[in-house]
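Undergrad: So here's coords_31.cif (mmCIF, C-alpha atoms).
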```
data_model
loop_
_atom_site.label_atom_id
_atom_site.label_comp_id
_atom_site.auth_asym_id
_atom_site.auth_seq_id
_atom_site.Cartn_x
_atom_site.Cartn_y
_atom_site.Cartn_z
CA MET A 190 16.49 -30.17 45.20
CA THR A 191 14.73 -28.65 42.19
CA ALA A 192 11.47 -30.32 41.22
CA PRO A 193 11.43 -31.76 37.67
CA ARG A 194 9.67 -29.64 35.06
CA PRO A 195 6.41 -31.14 33.81
CA LYS A 196 6.45 -32.97 30.51
CA PRO A 197 4.29 -31.00 28.08
CA SER A 198 1.33 -32.77 26.50
CA ILE A 199 1.44 -30.13 23.77
CA PRO A 200 4.83 -30.18 22.00
CA LEU A 201 6.92 -27.03 22.07
CA LEU A 202 8.44 -26.42 18.65
CA SER A 203 10.83 -23.87 17.23
CA SER A 204 9.74 -24.49 13.63
CA ILE A 205 6.46 -25.19 11.86
CA ALA A 206 8.22 -26.81 8.89
CA GLY A 207 7.67 -30.34 10.17
CA LEU A 208 3.93 -29.81 10.45
CA ALA A 209 3.47 -28.01 7.13
CA PRO A 210 3.27 -31.07 4.80
CA GLY A 211 0.14 -32.24 6.64
CA TYR A 212 -1.87 -29.21 5.50
CA ASP A 213 -2.98 -27.49 2.31
CA GLY A 214 -4.33 -24.30 3.83
CA TRP A 215 -3.46 -22.03 6.73
CA LEU A 216 -5.90 -19.73 8.48
CA CYS A 217 -3.31 -17.36 9.89
CA ASP A 218 -4.06 -14.73 12.47
CA VAL A 219 -2.52 -11.33 11.78
CA TRP A 220 -2.00 -9.16 14.87
CA GLY A 221 0.29 -11.03 17.27
CA VAL A 222 1.44 -13.53 14.64
CA LEU A 223 2.56 -11.45 11.63
CA HIS A 224 3.04 -8.15 13.45
CA ASN A 225 2.67 -6.53 16.87
CA GLY A 226 0.90 -3.36 15.82
CA VAL A 227 4.20 -1.61 15.15
CA ARG A 228 6.38 -3.87 13.01
CA ALA A 229 6.20 -7.11 11.06
CA PHE A 230 7.92 -10.31 12.28
CA SER A 231 10.43 -11.44 9.65
CA SER A 232 10.34 -15.11 10.71
CA SER A 233 6.55 -15.20 10.27
CA ILE A 234 6.78 -13.64 6.81
CA ASP A 235 9.39 -16.22 5.83
CA ALA A 236 7.25 -19.12 7.11
CA CYS A 237 4.19 -17.99 5.17
CA ARG A 238 6.23 -17.55 1.99
CA ARG A 239 7.77 -21.00 2.33
CA PHE A 240 4.38 -22.62 2.90
CA ARG A 241 3.03 -20.92 -0.22
CA ASP A 242 6.12 -21.94 -2.19
CA SER A 243 5.39 -25.55 -1.19
CA GLY A 244 1.91 -25.31 -2.72
CA GLY A 245 -0.15 -24.22 0.28
CA GLN A 246 -2.64 -21.37 0.54
CA VAL A 247 -2.41 -18.76 3.29
CA LEU A 248 -5.64 -16.97 4.19
CA LEU A 249 -5.14 -14.24 6.77
CA LEU A 250 -8.09 -14.45 9.15
CA SER A 251 -8.32 -11.31 11.24
CA ASN A 252 -10.68 -9.95 13.85
CA ALA A 253 -9.89 -6.46 12.60
CA PRO A 254 -13.06 -4.35 12.37
CA ARG A 255 -12.15 -3.11 8.89
CA PRO A 256 -12.53 -4.45 5.34
CA ALA A 257 -9.78 -6.62 3.92
CA ALA A 258 -8.45 -3.84 1.67
CA SER A 259 -7.95 -1.56 4.66
CA VAL A 260 -6.12 -4.28 6.58
CA ARG A 261 -3.92 -4.97 3.56
CA ASP A 262 -2.81 -1.33 3.51
CA GLN A 263 -2.23 -1.33 7.26
CA ILE A 264 -0.08 -4.45 7.40
CA ALA A 265 1.89 -3.35 4.34
CA ALA A 266 2.86 -0.25 6.31
CA PHE A 267 4.10 -2.54 9.12
CA GLY A 268 6.20 -4.49 6.61
CA VAL A 269 3.98 -7.48 5.70
CA PRO A 270 4.38 -7.99 1.93
CA ASP A 271 1.63 -9.18 -0.42
CA ASP A 272 3.55 -12.34 -1.33
CA ALA A 273 3.28 -13.66 2.24
CA TYR A 274 -0.39 -14.55 1.79
CA ASP A 275 -3.10 -15.30 -0.78
CA ALA A 276 -6.05 -13.34 0.62
CA ILE A 277 -7.45 -11.63 3.72
CA LEU A 278 -10.80 -12.16 5.45
CA THR A 279 -11.78 -9.91 8.35
CA SER A 280 -14.37 -9.50 11.03
CA GLY A 281 -15.16 -6.22 9.32
CA ASP A 282 -16.08 -8.07 6.12
CA LEU A 283 -18.54 -10.26 8.04
CA THR A 284 -19.91 -7.27 9.96
CA ARG A 285 -20.92 -5.63 6.69
CA LYS A 286 -22.97 -8.73 5.83
CA LEU A 287 -24.61 -8.85 9.25
CA ILE A 288 -25.59 -5.18 9.07
CA GLY A 289 -27.53 -6.05 5.94
CA ALA A 290 -30.08 -7.79 8.15
CA TRP A 291 -30.90 -4.40 9.74
CA PRO A 292 -31.94 -2.32 6.69
CA ASP A 293 -34.38 -0.06 8.51
CA ARG A 294 -32.65 0.43 11.85
CA ARG A 295 -30.98 3.57 13.12
CA LEU A 296 -27.38 2.64 13.77
CA PHE A 297 -24.99 3.88 16.44
CA HIS A 298 -21.34 3.23 15.66
CA LEU A 299 -19.23 2.79 18.78
CA GLY A 300 -15.59 2.96 17.77
CA PRO A 301 -12.75 5.14 16.47
CA ALA A 302 -12.87 7.04 13.21
CA ARG A 303 -10.22 4.73 11.69
CA ASP A 304 -12.86 1.97 11.58
CA LYS A 305 -15.31 4.00 9.47
CA PRO A 306 -14.23 2.29 6.20
CA MET A 307 -16.03 -0.83 7.47
CA LEU A 308 -19.32 1.03 6.90
CA ASP A 309 -18.46 2.75 3.61
CA GLY A 310 -20.89 2.14 0.76
CA LEU A 311 -23.69 0.76 2.94
CA ASP A 312 -27.13 2.38 2.95
CA LEU A 313 -27.30 3.23 6.65
CA ARG A 314 -29.09 5.66 8.91
CA PHE A 315 -26.89 6.77 11.79
CA ALA A 316 -28.17 8.01 15.13
CA ALA A 317 -26.92 9.05 18.55
CA ALA A 318 -26.82 6.38 21.23
CA ASP A 319 -30.06 7.50 22.89
CA GLU A 320 -31.97 7.24 19.58
CA ALA A 321 -30.35 4.15 18.06
CA ASP A 322 -32.11 0.86 17.30
CA ALA A 323 -28.84 -1.05 16.88
CA VAL A 324 -25.17 -0.72 17.77
CA VAL A 325 -22.07 -1.72 15.85
CA CYS A 326 -19.06 -1.79 18.16
CA SER A 327 -15.62 -1.74 16.56
CA GLY A 328 -13.57 -0.65 19.56
CA LEU A 329 -12.83 2.05 22.10
CA TYR A 330 -12.65 5.65 20.96
CA ASN A 331 -9.19 6.04 22.51
CA ASP A 332 -7.71 2.64 23.32
CA ASP A 333 -4.45 4.24 24.43
CA VAL A 334 -6.00 5.43 27.69
CA GLU A 335 -9.56 4.10 28.04
CA THR A 336 -10.88 0.87 29.58
CA PRO A 337 -14.26 -0.89 29.31
CA ALA A 338 -15.28 0.58 32.67
CA ASP A 339 -15.24 4.03 31.06
CA TYR A 340 -18.09 2.91 28.79
CA THR A 341 -20.53 1.57 31.37
CA PRO A 342 -22.54 4.84 31.53
CA LEU A 343 -22.93 4.74 27.73
CA LEU A 344 -23.73 1.04 27.45
CA GLU A 345 -26.11 0.67 30.38
CA PRO A 346 -29.03 2.66 28.88
CA LEU A 347 -28.62 0.83 25.55
CA ALA A 348 -28.75 -2.55 27.28
CA ARG A 349 -31.76 -1.47 29.32
CA ARG A 350 -33.62 -0.59 26.09
CA GLY A 351 -32.76 -3.95 24.57
CA VAL A 352 -30.73 -2.49 21.69
CA PRO A 353 -28.85 -5.33 19.90
CA MET A 354 -25.11 -5.04 19.27
CA ILE A 355 -22.85 -6.42 16.57
CA CYS A 356 -19.30 -6.77 17.86
CA ALA A 357 -16.99 -6.20 14.91
CA ASN A 358 -13.88 -7.42 16.74
CA PRO A 359 -14.35 -10.18 19.36
CA ASP A 360 -10.76 -9.83 20.63
CA LEU A 361 -10.61 -8.75 24.27
CA THR A 362 -7.07 -7.36 24.07
CA VAL A 363 -4.17 -7.16 21.63
CA GLU A 364 -0.49 -6.33 21.85
CA ARG A 365 0.57 -2.94 20.49
CA GLY A 366 4.33 -2.73 20.65
CA SER A 367 5.13 -3.40 24.31
CA ARG A 368 1.62 -2.55 25.59
CA ILE A 369 -1.68 -4.43 25.89
CA ILE A 370 -4.77 -2.52 24.75
CA TYR A 371 -8.49 -3.27 24.97
CA CYS A 372 -10.56 -4.20 21.90
CA ALA A 373 -14.24 -4.25 20.98
CA GLY A 374 -14.67 -7.72 22.51
CA ALA A 375 -14.02 -6.24 25.94
CA LEU A 376 -16.80 -3.68 25.41
CA ALA A 377 -19.13 -6.43 24.16
CA ALA A 378 -18.39 -8.46 27.29
CA GLU A 379 -19.29 -5.44 29.41
CA TYR A 380 -22.49 -5.00 27.39
CA GLU A 381 -23.47 -8.63 28.02
CA ARG A 382 -22.72 -8.17 31.72
CA LEU A 383 -25.20 -5.31 31.69
CA GLY A 384 -27.84 -7.52 30.06
CA GLY A 385 -27.27 -6.56 26.42
CA VAL A 386 -27.46 -9.02 23.51
CA VAL A 387 -24.39 -9.30 21.26
CA THR A 388 -23.77 -10.94 17.88
CA TYR A 389 -20.07 -11.58 17.32
CA ALA A 390 -18.69 -11.17 13.80
CA GLY A 391 -15.32 -12.90 14.17
CA LYS A 392 -13.30 -15.62 15.85
CA PRO A 393 -14.08 -17.83 17.77
CA HIS A 394 -17.62 -17.88 16.36
CA ARG A 395 -18.55 -20.23 13.52
CA PRO A 396 -19.80 -17.78 10.82
CA ILE A 397 -16.32 -16.36 10.18
CA TYR A 398 -14.93 -19.89 9.77
CA ASP A 399 -17.67 -20.86 7.31
CA LEU A 400 -16.70 -17.85 5.19
CA ALA A 401 -13.03 -18.76 5.56
CA PHE A 402 -13.63 -22.32 4.35
CA GLU A 403 -15.47 -20.95 1.31
CA ARG A 404 -12.62 -18.56 0.56
CA LEU A 405 -9.98 -21.27 0.89
CA ALA A 406 -11.95 -23.45 -1.54
CA GLU A 407 -11.98 -20.57 -4.02
CA LEU A 408 -8.23 -20.10 -3.64
CA ARG A 409 -7.52 -23.81 -3.91
CA GLY A 410 -9.99 -24.48 -6.72
CA ALA A 411 -11.73 -27.18 -4.67
CA PRO A 412 -13.04 -27.64 -1.11
CA LEU A 413 -10.43 -28.54 1.49
CA ALA A 414 -11.01 -31.33 3.98
CA ARG A 415 -11.03 -30.00 7.52
CA GLU A 416 -8.05 -32.15 8.47
CA ARG A 417 -6.01 -30.35 5.79
CA ILE A 418 -6.59 -26.89 7.29
CA LEU A 419 -4.44 -25.47 10.10
CA ALA A 420 -5.29 -22.40 12.18
CA ILE A 421 -2.35 -20.37 13.50
CA GLY A 422 -2.90 -17.78 16.19
CA ASP A 423 -1.94 -16.22 19.51
CA GLY A 424 -5.44 -15.97 20.99
CA VAL A 425 -6.48 -18.85 23.26
CA ARG A 426 -10.14 -17.77 23.37
CA THR A 427 -10.37 -16.74 19.71
CA ASP A 428 -7.88 -18.60 17.51
CA ILE A 429 -7.42 -21.86 19.43
CA ARG A 430 -10.93 -22.47 20.76
CA GLY A 431 -12.47 -21.16 17.56
CA ALA A 432 -10.47 -23.62 15.48
CA ALA A 433 -11.48 -26.51 17.72
CA ALA A 434 -15.16 -25.57 17.46
CA ALA A 435 -14.81 -25.39 13.67
CA GLY A 436 -13.24 -28.86 13.55
CA ILE A 437 -9.70 -27.92 12.49
CA ASP A 438 -6.25 -28.21 14.05
CA SER A 439 -4.45 -25.21 15.49
CA VAL A 440 -0.99 -24.06 16.49
CA PHE A 441 -0.49 -21.58 19.30
CA ILE A 442 1.95 -18.71 18.82
CA ALA A 443 3.14 -16.98 21.98
CA SER A 444 2.58 -13.24 22.29
CA ALA A 445 2.38 -10.85 25.22
CA VAL A 446 -1.41 -11.25 25.25
CA HIS A 447 -0.99 -14.58 27.09
CA VAL A 448 2.73 -15.13 27.70
CA THR A 449 5.19 -12.91 29.51
CA GLY A 450 8.74 -14.16 29.28
CA ALA A 451 9.78 -17.42 27.65
CA LEU A 452 7.30 -19.97 26.35
CA ASP A 453 7.92 -23.18 28.26
CA ALA A 454 6.08 -26.26 29.48
CA ILE A 455 4.77 -24.46 32.56
CA ALA A 456 3.30 -21.65 30.45
CA VAL A 457 1.64 -24.10 28.07
CA GLU A 458 0.20 -26.13 30.93
CA ARG A 459 -1.14 -22.97 32.54
CA LEU A 460 -2.83 -21.90 29.33
CA PHE A 461 -4.37 -25.21 28.25
CA ASN A 462 -4.29 -27.51 31.30
CA GLY A 463 -4.93 -30.66 29.29
CA SER A 464 -7.88 -29.13 27.44
CA ALA A 465 -9.34 -31.20 24.62
CA THR A 466 -9.64 -27.98 22.61
CA GLY A 467 -5.94 -27.18 22.84
CA PRO A 468 -3.51 -26.77 19.94
CA ILE A 469 -1.47 -29.56 18.37
CA ALA A 470 1.72 -27.58 19.07
CA ALA A 471 3.02 -24.31 20.50
CA LEU A 472 5.76 -22.05 19.18
CA PRO A 473 7.38 -18.93 20.64
CA ALA A 474 6.97 -17.35 17.18
CA LEU A 475 5.85 -18.47 13.76
CA ALA A 476 9.01 -19.67 12.02
CA TRP A 477 9.99 -22.19 9.34
#
```
Now that the file is in, can you turn its structure into C-alpha cells?
TA:
Amino acid sequence: MTAPRPKPSIPLLSSIAGLAPGYDGWLCDVWGVLHNGVRAFSSSIDACRRFRDSGGQVLLLSNAPRPAASVRDQIAAFGVPDDAYDAILTSGDLTRKLIGAWPDRRLFHLGPARDKPMLDGLDLRFAAADEADAVVCSGLYNDDVETPADYTPLLEPLARRGVPMICANPDLTVERGSRIIYCAGALAAEYERLGGVVTYAGKPHRPIYDLAFERLAELRGAPLARERILAIGDGVRTDIRGAAAAGIDSVFIASAVHVTGALDAIAVERLFNGSATGPIAALPALAW
C-alpha cells in the first residue's frame, strides 16, 4: 500500500495571478526566474507584463556583480524585453557604493573580465593579491571548470593577513542552461572558512533590500508598505530568507539550483520543513 503524500503547508500554485492583487510591487529575481543563463522564460515575461498592466511595479533585484545597465543588456540578449520590468537593482550597484568606503586602499579584483564594468569610473588603485589591502570578489575566473577548492591557495594568504573582502554576488550557485556553476558567494564562504572577513553586497543581506525599498518608492511615487511588496525568487538562502529578514512576503520559484524533477509537496517540505521564514507559495515557474 502506498503511503499518502504529505499535505503541503506551503501551497503549490501554477499561477501567481491570484496573489497579485495583494501587492503593489514585486522584487523579482532574474537568473533562475526570468532566464536560465541561456534563454528567457516566456511565462515569466508574460506574468511580469500582466502585473505591470494591472498597476504594479516590477523591480528586478539581482545578485549579478555588474551595474544595472550591463545586466539590462545581458538579459535583453537572452530575450527579456524592457517592458517586462520598471527598473533593475544589482549587487554590483551596491558594491560600487561599498567600495567608496575604501578610498585609499589597494584593491585586488577576484573575478572574470566580464565583471570589470562594475568598477568603471571609480577612482581605484589596483594591486596584485600579495600587495592588496582589500578584495572585491565577483566570481571565479573560469566558472565553467573551476570550483572554490581551486582558490584556497590564493585566498589563504589574504585571510591570514586580515584583508577584508566585499562579495559582489552572494549566490553560491546558479543554473546555466542544464548545468550548475559556482558564484562569488561560494568563494566568500571559502574565505570565511579560512578566517577571512566578508561584507556581502546582495541578497539575503539587508542593505540591498533597503536600496530596493527606496527604488520602489521612487517608481511608485510614494513609499510602499512592507505587506504590499512581494519577493519572487528561486534561491532559498538568498531570495526567500532575505525577504523574510526584510519583513516582506516571498514566493518560491523552482529551478535546478534546488529542485531536480517536478516540484511537489515532498520537494517543498524538504526545502522548508515548516520554517517560519518560508514562502507564502511555491510555483514550478513564474506564470500568470
Undergrad: Could you please give me, as a PyMOL selection string, the residues of protein, DNA or RNA lying at most 6 Å from (8.2, -2.4, 8.2) in the coordinate frame of the file, considering all atoms listed in the file?
TA: chain A and resi 228-229+267-268
Undergrad: Using all atoms listed in the file, which protein or nucleic acid residues come within 9 Å of A:Arg349? Drop anything in the same chain fewer than 2 positions from it, and give the result as a list in words.
TA: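 These residues fall inside the cut-off: Leu344, Glu345, Pro346, Leu347, Gly351, Val352, Leu383, Gly384 and Gly385 of chain A.
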Undergrad: Box time for stretch 319-329 of chain A: axis-aligned, enclosing all its listed atoms, 8 Å extra on each side; report centre and edge lengths in Å to one decimal, as lines of an AutoDock Vina configuration file.
TA:
```
center_x = -22.5
center_y = 2.9
center_z = 19.4
size_x = 35.3
size_y = 25.3
size_z = 23.0
```
Undergrad: Show which residues sit within 10 Å of A:Tyr380, as a list in words. Count all atoms listed in the file, and ignore same-chain residues fewer than 4 positions away.
TA: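 What passes the distance filter is Pro337, Tyr340, Thr341, Leu343, Leu344, Glu345, Leu347, Ala348, Pro353, Met354, Gly374, Ala375, Leu376, Gly384, Gly385, Val386 and Val387 of chain A.
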Undergrad: Between atom CA of A:Leu460 and atom CA of A:Pro254, measure the distance and give it in Å to one decimal.
TA: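 Computed distance, atom CA of A:Leu460 to atom CA of A:Pro254, equals 26.5 Å.
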Undergrad: Reconstruct N, CA and C atoms of stretch 228-264 of chain A; output as a PDB file, in the coordinates of the input.
TA:
```
ATOM      1  N   ARG A 228       5.475  -3.347  14.031  1.00  0.00           N
ATOM      2  CA  ARG A 228       6.380  -3.870  13.010  1.00  0.00           C
ATOM      3  C   ARG A 228       6.044  -5.319  12.696  1.00  0.00           C
ATOM      4  N   ALA A 229       6.401  -5.732  11.482  1.00  0.00           N
ATOM      5  CA  ALA A 229       6.200  -7.110  11.060  1.00  0.00           C
ATOM      6  C   ALA A 229       7.286  -8.014  11.659  1.00  0.00           C
ATOM      7  N   PHE A 230       6.964  -9.315  11.793  1.00  0.00           N
ATOM      8  CA  PHE A 230       7.920 -10.310  12.280  1.00  0.00           C
ATOM      9  C   PHE A 230       8.512 -11.035  11.068  1.00  0.00           C
ATOM     10  N   SER A 231       9.802 -10.896  10.853  1.00  0.00           N
ATOM     11  CA  SER A 231      10.430 -11.440   9.650  1.00  0.00           C
ATOM     12  C   SER A 231      10.329 -12.964   9.582  1.00  0.00           C
ATOM     13  N   SER A 232      10.410 -13.649  10.731  1.00  0.00           N
ATOM     14  CA  SER A 232      10.340 -15.110  10.710  1.00  0.00           C
ATOM     15  C   SER A 232       8.954 -15.590  10.276  1.00  0.00           C
ATOM     16  N   SER A 233       7.917 -14.847  10.654  1.00  0.00           N
ATOM     17  CA  SER A 233       6.550 -15.200  10.270  1.00  0.00           C
ATOM     18  C   SER A 233       6.347 -15.009   8.764  1.00  0.00           C
ATOM     19  N   ILE A 234       6.882 -13.900   8.241  1.00  0.00           N
ATOM     20  CA  ILE A 234       6.780 -13.640   6.810  1.00  0.00           C
ATOM     21  C   ILE A 234       7.465 -14.761   6.037  1.00  0.00           C
ATOM     22  N   ASP A 235       8.644 -15.158   6.489  1.00  0.00           N
ATOM     23  CA  ASP A 235       9.390 -16.220   5.830  1.00  0.00           C
ATOM     24  C   ASP A 235       8.616 -17.538   5.861  1.00  0.00           C
ATOM     25  N   ALA A 236       7.996 -17.870   6.997  1.00  0.00           N
ATOM     26  CA  ALA A 236       7.250 -19.120   7.110  1.00  0.00           C
ATOM     27  C   ALA A 236       6.066 -19.145   6.150  1.00  0.00           C
ATOM     28  N   CYS A 237       5.345 -18.049   6.070  1.00  0.00           N
ATOM     29  CA  CYS A 237       4.190 -17.990   5.170  1.00  0.00           C
ATOM     30  C   CYS A 237       4.637 -18.104   3.707  1.00  0.00           C
ATOM     31  N   ARG A 238       5.718 -17.453   3.364  1.00  0.00           N
ATOM     32  CA  ARG A 238       6.230 -17.550   1.990  1.00  0.00           C
ATOM     33  C   ARG A 238       6.636 -18.983   1.660  1.00  0.00           C
ATOM     34  N   ARG A 239       7.314 -19.632   2.581  1.00  0.00           N
ATOM     35  CA  ARG A 239       7.770 -21.000   2.330  1.00  0.00           C
ATOM     36  C   ARG A 239       6.600 -21.964   2.203  1.00  0.00           C
ATOM     37  N   PHE A 240       5.559 -21.758   3.018  1.00  0.00           N
ATOM     38  CA  PHE A 240       4.380 -22.620   2.900  1.00  0.00           C
ATOM     39  C   PHE A 240       3.711 -22.419   1.549  1.00  0.00           C
ATOM     40  N   ARG A 241       3.620 -21.186   1.104  1.00  0.00           N
ATOM     41  CA  ARG A 241       3.030 -20.920  -0.220  1.00  0.00           C
ATOM     42  C   ARG A 241       3.902 -21.501  -1.324  1.00  0.00           C
ATOM     43  N   ASP A 242       5.208 -21.386  -1.181  1.00  0.00           N
ATOM     44  CA  ASP A 242       6.120 -21.940  -2.190  1.00  0.00           C
ATOM     45  C   ASP A 242       5.981 -23.461  -2.288  1.00  0.00           C
ATOM     46  N   SER A 243       5.565 -24.094  -1.183  1.00  0.00           N
ATOM     47  CA  SER A 243       5.390 -25.550  -1.190  1.00  0.00           C
ATOM     48  C   SER A 243       4.027 -25.965  -1.739  1.00  0.00           C
ATOM     49  N   GLY A 244       3.206 -24.993  -2.128  1.00  0.00           N
ATOM     50  CA  GLY A 244       1.910 -25.310  -2.720  1.00  0.00           C
ATOM     51  C   GLY A 244       0.718 -25.030  -1.830  1.00  0.00           C
ATOM     52  N   GLY A 245       0.941 -24.502  -0.632  1.00  0.00           N
ATOM     53  CA  GLY A 245      -0.150 -24.220   0.280  1.00  0.00           C
ATOM     54  C   GLY A 245      -0.754 -22.843   0.066  1.00  0.00           C
ATOM     55  N   GLN A 246      -1.973 -22.673   0.575  1.00  0.00           N
ATOM     56  CA  GLN A 246      -2.640 -21.370   0.540  1.00  0.00           C
ATOM     57  C   GLN A 246      -2.666 -20.769   1.940  1.00  0.00           C
ATOM     58  N   VAL A 247      -2.390 -19.474   2.025  1.00  0.00           N
ATOM     59  CA  VAL A 247      -2.410 -18.760   3.290  1.00  0.00           C
ATOM     60  C   VAL A 247      -3.530 -17.716   3.243  1.00  0.00           C
ATOM     61  N   LEU A 248      -4.556 -17.939   4.043  1.00  0.00           N
ATOM     62  CA  LEU A 248      -5.640 -16.970   4.190  1.00  0.00           C
ATOM     63  C   LEU A 248      -5.468 -16.284   5.537  1.00  0.00           C
ATOM     64  N   LEU A 249      -5.234 -14.985   5.520  1.00  0.00           N
ATOM     65  CA  LEU A 249      -5.140 -14.240   6.770  1.00  0.00           C
ATOM     66  C   LEU A 249      -6.538 -14.037   7.310  1.00  0.00           C
ATOM     67  N   LEU A 250      -6.769 -14.526   8.527  1.00  0.00           N
ATOM     68  CA  LEU A 250      -8.090 -14.450   9.150  1.00  0.00           C
ATOM     69  C   LEU A 250      -7.983 -13.548  10.369  1.00  0.00           C
ATOM     70  N   SER A 251      -8.542 -12.351  10.238  1.00  0.00           N
ATOM     71  CA  SER A 251      -8.320 -11.310  11.240  1.00  0.00           C
ATOM     72  C   SER A 251      -9.624 -10.860  11.879  1.00  0.00           C
ATOM     73  N   ASN A 252      -9.559 -10.564  13.160  1.00  0.00           N
ATOM     74  CA  ASN A 252     -10.680  -9.950  13.850  1.00  0.00           C
ATOM     75  C   ASN A 252     -10.685  -8.434  13.725  1.00  0.00           C
ATOM     76  N   ALA A 253      -9.915  -7.901  12.804  1.00  0.00           N
ATOM     77  CA  ALA A 253      -9.890  -6.460  12.600  1.00  0.00           C
ATOM     78  C   ALA A 253     -11.254  -5.956  12.136  1.00  0.00           C
ATOM     79  N   PRO A 254     -11.744  -4.875  12.736  1.00  0.00           N
ATOM     80  CA  PRO A 254     -13.060  -4.350  12.370  1.00  0.00           C
ATOM     81  C   PRO A 254     -12.996  -3.429  11.149  1.00  0.00           C
ATOM     82  N   ARG A 255     -12.314  -3.883  10.119  1.00  0.00           N
ATOM     83  CA  ARG A 255     -12.150  -3.110   8.890  1.00  0.00           C
ATOM     84  C   ARG A 255     -12.186  -4.061   7.710  1.00  0.00           C
ATOM     85  N   PRO A 256     -12.539  -3.578   6.520  1.00  0.00           N
ATOM     86  CA  PRO A 256     -12.530  -4.450   5.340  1.00  0.00           C
ATOM     87  C   PRO A 256     -11.136  -4.939   5.017  1.00  0.00           C
ATOM     88  N   ALA A 257     -11.066  -6.006   4.249  1.00  0.00           N
ATOM     89  CA  ALA A 257      -9.780  -6.620   3.920  1.00  0.00           C
ATOM     90  C   ALA A 257      -8.829  -5.628   3.264  1.00  0.00           C
ATOM     91  N   ALA A 258      -9.328  -4.785   2.366  1.00  0.00           N
ATOM     92  CA  ALA A 258      -8.450  -3.840   1.670  1.00  0.00           C
ATOM     93  C   ALA A 258      -7.784  -2.879   2.637  1.00  0.00           C
ATOM     94  N   SER A 259      -8.513  -2.459   3.658  1.00  0.00           N
ATOM     95  CA  SER A 259      -7.950  -1.560   4.660  1.00  0.00           C
ATOM     96  C   SER A 259      -6.867  -2.256   5.470  1.00  0.00           C
ATOM     97  N   VAL A 260      -7.112  -3.519   5.823  1.00  0.00           N
ATOM     98  CA  VAL A 260      -6.120  -4.280   6.580  1.00  0.00           C
ATOM     99  C   VAL A 260      -4.874  -4.521   5.729  1.00  0.00           C
ATOM    100  N   ARG A 261      -5.071  -4.768   4.444  1.00  0.00           N
ATOM    101  CA  ARG A 261      -3.920  -4.970   3.560  1.00  0.00           C
ATOM    102  C   ARG A 261      -3.017  -3.731   3.571  1.00  0.00           C
ATOM    103  N   ASP A 262      -3.611  -2.568   3.482  1.00  0.00           N
ATOM    104  CA  ASP A 262      -2.810  -1.330   3.510  1.00  0.00           C
ATOM    105  C   ASP A 262      -2.103  -1.165   4.849  1.00  0.00           C
ATOM    106  N   GLN A 263      -2.813  -1.491   5.931  1.00  0.00           N
ATOM    107  CA  GLN A 263      -2.230  -1.330   7.260  1.00  0.00           C
ATOM    108  C   GLN A 263      -1.026  -2.245   7.461  1.00  0.00           C
ATOM    109  N   ILE A 264      -1.177  -3.520   7.129  1.00  0.00           N
ATOM    110  CA  ILE A 264      -0.080  -4.450   7.400  1.00  0.00           C
ATOM    111  C   ILE A 264       1.080  -4.224   6.436  1.00  0.00           C
TER     112      ILE A 264
END
```
